[in-house]
Amino acid sequence: MALLNDLEAAATKALAAGVTSARAQGAALAGDFETLVKPNLDAIVVQVAAITQDRIDGAIGDDQARDDLSSQFDRVRTEALAMVELSELAAQTIVNAVLAALKSAINAAVGVALL
Amino acid sequence: MGLPRRPGRTVGIAIVTLTLAACSVHLVAPYSADLKQKASAMQAEVGTWDLTMRTAAGTIAADPRNPEVTAALNKWRGEADAMLTLAISNDPGLAHCGQMLQEMSRGIQQHVPAALNAAAPPTTGPTSPQQGCEAQLVADIASGIDDVARALKYCRVGWVPDSYFTNLAQNRTAAAKPDAAPNAAVQREVDRSCDAEFAAQPQTPTLAAEAGHGRAVAALLTTLQAIVYIETRKAAAATN
């Protein structure tokens, strides 16, 4: 069962690599939220307040206010799409880190660069 | 340090490694320098155009019938088509963007006040399960351009007839000066409604896509900013 033992050791190393990568990706995603998503969500709130004020002041009519609000709500979907894409990129990076560690460990077990 | 080699053991490991090699994970489209460059260039172009429109609010230069305005929007539509082709051709088509988006949007909508929620369109539009979220974002550039076109309705100088703009399209230099507004109140009304679309909000966070720009281009700039940001992150991930 030497092969099994070697593969178990390789899997343990790979999981450790995955945990390290997951921590880094978690930090990166938190940074993405602060840098990309939060400023735009805050900006949407600013715009919605300005549209409401413009309507109250009579600078714009009902139709324009409705169109402008609709356009602002489109932006929420954009931020959601961006965050999902970035989450998938993070997941891809973690899984590939695990696979790379596994391959590396197996190469070491074989003694040649099989991959 | 290599382990003692036995034929059966090596063959077993080889089978596992070959299986691993076949299982490289591509959940998202690879980094595209071309897509990033095009989105970034369009971001700059839209920002510049918005600043020009701000000074033109209430004049024929900001009227949606003006051939220069039409040309700008048509150029962006062409660029959006080119970007969509790039995005779709790179999309691995594995991620179920629509499903993940629904989960996230449900969470966001729970925090939107009920009065605003009623006025808001659903934040989850139709998404193809075969399409990744970035391809969906790129497809949304077109709706951002539609938002700009919709905002421009409120810059229409209604007292100037269509024929004036038709003549302008045929000969921009020889076109006569358009009529003035029938009265100051009419001029003020279009000034205010158009200015509302292009005036920057000073409280806007500096990192927001439309910082320094008006609400007419906010949705379009947000989409373009997201694409550039994602591509930059992909480039960084590819080099790590």
# chains A, B, ... in the order shown; residues from 1 in each chain; ligands from 1
>>> closest_atom_pairs(of="chain A", to="chain B", cutoff="8 Å", atoms="only C-alpha atoms", output="CSV")
residue,atom,partner,partner_atom,distance
A:Leu3,CA,B:Arg9,CA,6.2
A:Thr35,CA,B:Leu207,CA,7.0
A:Leu36,CA,B:Leu207,CA,7.3
A:Pro39,CA,B:Ala208,CA,4.9
A:Asn40,CA,B:Ala208,CA,4.7
A:Asp42,CA,B:Pro205,CA,7.1
A:Ala43,CA,B:Thr204,CA,5.1
A:Val46,CA,B:Thr204,CA,6.3
A:Gln47,CA,B:Arg215,CA,7.0
A:Ala50,CA,B:Gln201,CA,7.7
A:Asp54,CA,B:Ala196,CA,7.5
A:Ala59,CA,B:Arg192,CA,5.5
A:Ile60,CA,B:Ser193,CA,5.3
A:Gln64,CA,B:Tyr154,CA,7.3
A:Arg66,CA,B:Ala119,CA,7.6
A:Asp67,CA,B:Arg150,CA,7.4
A:Asp68,CA,B:Ala151,CA,7.3
A:Leu69,CA,B:Ala120,CA,7.3
A:Ser70,CA,B:Ala120,CA,6.0
A:Ser71,CA,B:Asp147,CA,6.1
A:Gln72,CA,B:Ala219,CA,6.5
A:Phe73,CA,B:Ala120,CA,6.1
A:Asp74,CA,B:Thr123,CA,6.6
A:Arg75,CA,B:Ala219,CA,5.5
A:Val76,CA,B:Thr123,CA,6.6
A:Arg77,CA,B:Thr123,CA,4.9
A:Thr78,CA,B:Thr223,CA,6.1
A:Glu79,CA,B:Ala226,CA,7.5
A:Ala80,CA,B:Leu101,CA,6.4
A:Leu81,CA,B:Cys133,CA,5.6
A:Ala82,CA,B:Ala226,CA,6.1
A:Val84,CA,B:Leu101,CA,6.7
A:Glu85,CA,B:Cys133,CA,5.4
A:Leu86,CA,B:Ile230,CA,6.8
A:Glu88,CA,B:Leu27,CA,6.3
A:Leu89,CA,B:Val28,CA,6.1
A:Gln92,CA,B:Leu27,CA,5.9
A:Thr93,CA,B:Ala237,CA,7.3
A:Val95,CA,B:Val25,CA,7.1
A:Asn96,CA,B:Val25,CA,6.4
A:Leu99,CA,B:Leu20,CA,7.0
A:Lys103,CA,B:Thr17,CA,6.4
A:Ile106,CA,B:Thr17,CA,7.0
A:Ala108,CA,B:Gly2,CA,6.3
A:Ala109,CA,B:Gly2,CA,5.9
A:Val110,CA,B:Gly2,CA,6.3
A:Gly111,CA,B:Gly2,CA,4.1
A:Val112,CA,B:Gly2,CA,7.8
A:Leu114,CA,B:Ala14,CA,7.4
A:Leu115,CA,B:Thr17,CA,7.2
>>> select_by_dssp(residues="range 47-221 of chain B", states="alpha helix (DSSP H)", output="MDAnalysis selection string")
chainID B and resid 47:56 67:90 97:109 114:119 133:139 141:152 162:170 184:198 218:221
>>> residues_around(residues="range 163-179 of chain B", least_positions_apart="2", cutoff="10 Å", atoms="only C-alpha atoms", output="PyMOL selection string")
chain B and resi 59-60+63-68+159-161+181-182
>>> closest_residue(among="A:Ala105, A:Asp6, A:Asp63, A:Met83", to="Val37 in chain A", atoms="only C-alpha atoms")
A:Met83
